Each structure stands twice: as structure tokens, then as C-alpha cells.
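This is entry-v7.csv. It holds CSV, C-alpha atoms.
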```csv
chain,number,residue,atom,x,y,z
H,1,MET,CA,0.0,0.0,0.0
H,2,SER,CA,1.7,3.2,-1.2
H,3,ALA,CA,1.1,6.5,0.5
H,4,ARG,CA,1.9,10.2,0.2
H,5,ILE,CA,4.0,11.0,3.3
H,6,LEU,CA,5.2,14.2,4.7
H,7,VAL,CA,8.4,14.2,6.9
H,8,ILE,CA,8.4,16.9,9.5
H,9,GLU,CA,11.9,16.9,11.0
H,10,ASP,CA,14.4,19.7,11.5
H,11,GLU,CA,17.5,17.5,11.4
H,12,ALA,CA,18.4,17.4,7.7
H,13,LEU,CA,20.3,14.0,7.9
H,14,VAL,CA,17.4,12.3,9.8
H,15,ALA,CA,14.9,13.7,7.3
H,16,MET,CA,17.0,12.5,4.4
H,17,GLU,CA,17.4,9.1,5.9
H,18,LEU,CA,13.7,8.8,6.5
H,19,ARG,CA,13.0,9.9,2.9
H,20,PHE,CA,15.3,7.2,1.6
H,21,VAL,CA,13.7,4.5,3.8
H,22,LEU,CA,10.1,5.5,2.9
H,23,GLU,CA,10.9,5.7,-0.9
H,24,ASP,CA,12.6,2.3,-0.7
H,25,LEU,CA,9.3,1.0,0.8
H,26,GLY,CA,7.5,2.4,-2.2
H,27,HIS,CA,6.0,5.5,-0.7
H,28,GLU,CA,6.0,9.0,-2.1
H,29,VAL,CA,7.6,11.6,0.1
H,30,VAL,CA,5.7,14.7,-0.8
H,31,GLY,CA,8.2,16.9,1.1
H,32,THR,CA,10.2,17.6,4.2
H,33,ALA,CA,9.6,20.4,6.6
H,34,GLY,CA,11.9,21.6,9.4
H,35,ASP,CA,9.3,23.9,11.0
H,36,ALA,CA,5.6,24.2,11.6
H,37,GLN,CA,5.0,26.9,9.1
H,38,THR,CA,6.6,25.0,6.2
H,39,ALA,CA,4.7,21.9,7.2
H,40,ARG,CA,1.4,23.7,7.1
H,41,ARG,CA,2.2,25.2,3.7
H,42,LEU,CA,3.1,21.7,2.3
H,43,VAL,CA,-0.2,20.2,3.6
H,44,GLN,CA,-2.2,23.0,2.0
H,45,GLU,CA,-0.4,22.6,-1.4
H,46,THR,CA,-0.5,18.8,-1.7
H,47,GLU,CA,-2.5,15.8,-0.5
H,48,VAL,CA,-0.9,14.0,2.5
H,49,ASP,CA,-1.9,10.6,3.8
H,50,LEU,CA,0.6,10.3,6.6
H,51,ALA,CA,2.9,12.8,8.5
H,52,LEU,CA,5.8,11.7,10.5
H,53,VAL,CA,6.2,14.5,13.0
H,54,ASP,CA,9.1,15.3,15.3
H,55,ILE,CA,8.2,17.3,18.5
H,56,HIS,CA,11.1,19.7,18.5
H,57,LEU,CA,11.4,21.6,15.2
H,58,SER,CA,13.6,24.5,14.2
H,59,ASP,CA,10.9,26.9,15.6
H,60,GLY,CA,10.7,25.2,19.0
H,61,PRO,CA,8.6,22.4,20.5
H,62,THR,CA,5.8,23.1,17.9
H,63,GLY,CA,5.4,19.5,16.7
H,64,ILE,CA,2.7,18.6,19.3
H,65,GLU,CA,0.3,21.3,18.3
H,66,LEU,CA,1.1,20.8,14.7
H,67,GLY,CA,0.3,17.0,14.9
H,68,ARG,CA,-3.0,17.8,16.7
H,69,GLU,CA,-3.9,20.3,14.0
H,70,LEU,CA,-3.0,18.0,11.1
H,71,GLY,CA,-4.9,15.0,12.6
H,72,GLN,CA,-8.0,16.8,13.9
H,73,LYS,CA,-8.5,19.6,11.4
H,74,LEU,CA,-6.9,18.4,8.2
H,75,GLY,CA,-7.5,14.6,8.2
H,76,VAL,CA,-3.9,13.6,8.0
H,77,THR,CA,-2.8,10.5,9.8
H,78,VAL,CA,0.0,11.5,12.3
H,79,LEU,CA,2.8,9.5,13.9
H,80,PHE,CA,5.2,11.3,16.1
H,81,MET,CA,8.9,10.3,15.9
H,82,THR,CA,10.9,11.8,18.7
H,83,ALA,CA,13.7,11.3,21.1
H,84,ASN,CA,11.4,12.7,23.8
H,85,PRO,CA,8.4,10.3,23.8
H,86,GLY,CA,7.6,11.3,27.4
H,87,MET,CA,6.4,14.7,26.1
H,88,VAL,CA,3.4,13.0,24.5
H,89,ARG,CA,3.0,10.1,26.9
H,90,SER,CA,-0.6,11.0,27.7
H,91,GLY,CA,-1.5,11.2,24.0
H,92,VAL,CA,-2.4,13.9,21.5
H,93,ALA,CA,-5.9,14.1,20.1
H,94,GLY,CA,-6.1,13.2,16.4
H,95,THR,CA,-2.8,11.3,16.3
H,96,ILE,CA,-2.0,7.6,16.5
H,97,GLY,CA,1.1,7.3,18.6
H,98,VAL,CA,4.8,7.8,19.0
H,99,LEU,CA,7.9,6.0,17.7
H,100,SER,CA,11.0,6.7,19.7
H,101,LYS,CA,14.2,7.9,18.0
H,102,PRO,CA,16.7,6.6,17.3
H,103,THR,CA,15.0,3.9,15.4
H,104,ASP,CA,15.7,1.5,12.6
H,105,GLU,CA,14.3,0.8,9.1
H,106,ARG,CA,12.2,-2.1,10.2
H,107,ALA,CA,10.5,-0.1,13.0
H,108,VAL,CA,9.7,2.7,10.6
H,109,GLN,CA,8.3,0.2,8.1
H,110,THR,CA,6.1,-1.6,10.6
H,111,ALA,CA,4.8,1.6,12.2
H,112,VAL,CA,4.0,3.2,8.8
H,113,ASP,CA,2.3,0.0,7.7
H,114,TYR,CA,0.2,0.0,10.9
H,115,ALA,CA,-0.8,3.6,10.5
H,116,LEU,CA,-1.7,3.2,6.9
H,117,ARG,CA,-3.8,0.1,7.6
H,118,ARG,CA,-5.7,2.0,10.3
H,119,ARG,CA,-6.2,4.9,7.9
H,120,ALA,CA,-7.7,2.6,5.3
H,121,GLY,CA,-9.9,0.9,7.8
H,122,ARG,CA,-8.2,-2.4,7.2
H,123,PRO,CA,-7.9,-4.9,10.1
H,124,VAL,CA,-4.9,-4.5,12.3
H,125,GLU,CA,-4.2,-7.4,14.7
H,126,TYR,CA,-1.6,-5.6,16.8
H,127,ALA,CA,0.7,-2.6,16.8
H,128,PRO,CA,4.4,-3.0,16.4
H,129,PRO,CA,6.2,-3.1,19.8
H,130,GLU,CA,8.2,0.0,19.0
H,131,LEU,CA,5.1,2.1,18.5
H,132,GLN,CA,3.5,3.5,21.6
H,133,LEU,CA,-0.2,4.0,20.8
H,134,PHE,CA,-2.4,6.8,22.2
H,135,GLY,CA,-5.8,6.2,23.7
```
Exercise: express the given structure as C-alpha cells:
Amino acid sequence: MSARILVIEDEALVAMELRFVLEDLGHEVVGTAGDAQTARRLVQETEVDLALVDIHLSDGPTGIELGRELGQKLGVTVLFMTANPGMVRSGVAGTIGVLSKPTDERAVQTAVDYALRRRAGRPVEYAPPELQLFG
């Protein structure tokens, strides 16, 4: 199942690595954003199925509110990817869960597959162990 994915990550090397992993998995990376304003613009300009959102962006800890906005108001499926999972431990409305960084290609693949299956309303037996689900 191929998807249009937006990577919201301010560390250029991490964003580039994620792009390569996602494209190797057959997904289209519609863009990368290092701050909330750029992410909002990209979502307005193109269709996004899934956003991988870091919490700390170049404009501060804006990822939490951005994830909530994308999920609740814009219908984007959101997974947080952060080295600070405790910041979203209680969950964020409109988002699925959090994947702790650093992570590996397999964890990204299973978390993305899980999120896309849920988005499509397809049966999901269990979440990957690396993905902490909300709610």
C-alpha cells in the first residue's frame, strides 16, 4: 500500500534518511519540513496521507500542536517520531502514537504500515512493539 508521506523533521540528515527509507518502501515523500509553518504550507499545497512529526522543530517544540492540527482539522494520519516520547505520553488528540528515536528501518516500516492500515480501515491485529499507541 503506497502512500503520500510528509516528513516533519528539522535535522536534515534524519529527514534525508527517513525519505530514503520511505521511498525504498514504495511510498512517495511529498516533502520535508523543518518547522511548523513550512509543514502547514506543504499540507495546503498537496495531498498528504501520513505525516511523521518530530516534536522539537527549528521553531521550537511546535510539533505537538502541529500534529494535533494535522490530525484533527486536516484529516492527516499522524505518527510522532521523537527522542522525547515522554512529552506525548498521555497522547495527543487526532494522532495515532509515537515512535522513539533513534529507530531502525524495520521499526519505521512496521509503524508506517500499521498507521496506513488503520487509515484505510483495514484490520490490524496488533501494533508494532516499538510504537506507543495513544488512547
Review point. Skipping near chain neighbours, those fewer than 3 positions away, what residues fall within 8 Å of Glu11 (chain H) using all atoms listed in the file, listed as a list in words?
Key: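 These residues fall inside the cut-off: Val14, Ala15 and Gly34 of chain H.
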Review point. Near Val112 (chain H), counting all atoms listed in the file, which residues have an atom at most 10 Å away, once you skip same-chain residues fewer than 3 positions from it, shown as a list of chain:residue names?
Key: H:Ala3, H:Ile5, H:Leu22, H:Leu25, H:His27, H:Leu50, H:Ala51, H:Leu52, H:Val78, H:Leu79, H:Arg106, H:Ala107, H:Val108, H:Gln109, H:Ala115, H:Leu116, H:Arg117, H:Arg118, H:Pro128, H:Leu131
Practice item. Please provide as a PyMOL selection string all residues within 12 Å of Val30 (chain H), with the sequence filter that same-chain residues fewer than 5 positions apart are discarded (counting all atoms listed in the file). Key: chain H and resi 3-8+19+22-23+39+41-52
Check your understanding: Between CA of Pro102 (chain H) and CA of Thr82 (chain H), what is the distance, to one decimal in Å?
Key -> 7.9 Å
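For the pair CA of Ile96 (chain H) and CA of Leu133 (chain H), the separation is 5.9 Å.
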**Study point:** Neighbour list for Ser58 (chain H) as a VMD selection string, cut-off 10 Å, all atoms listed in the file, skip fewer than 5 positions in-chain
**Key:** chain H and resid 9 to 11 33 to 36 63
Practice item. List every protein, DNA or RNA residue that has at least one atom no more than 9 Å from (-8.0, 11.9, 15.1) in the file's coordinates, counting only C-alpha atoms, and write the result as a PyMOL selection string. Key: chain H and resi 68+70-73+75-78+92-96
**Study point:** Close residues, Ser100 (chain H) itself excluded, 10 Å, only C-alpha atoms, min 4 positions apart in chain, as a PyMOL selection string
**Key:** chain H and resi 54+80-86+104+107+130-132
**Study point:** Nearest to Leu74 (chain H), chosen from H:Arg40, H:Asp24, H:Glu125, H:Val98, with only C-alpha atoms counted in the distances
**Key:**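 That would be H:Arg40, the residue with the smallest distance to Leu74 (chain H).
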Check your understanding: Which one of H:Leu57, H:Glu105, H:Ser2, H:Glu69 sits closest to Leu18 (chain H) if you count all atoms listed in the file?
Key -> H:Glu105
Practice item. Quick one: pull the distance between CA of Gly135 (chain H) and CA of Val21 (chain H), Å, one decimal. Key: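 So the two atoms, CA of Gly135 (chain H) and CA of Val21 (chain H), lie 27.9 Å apart.
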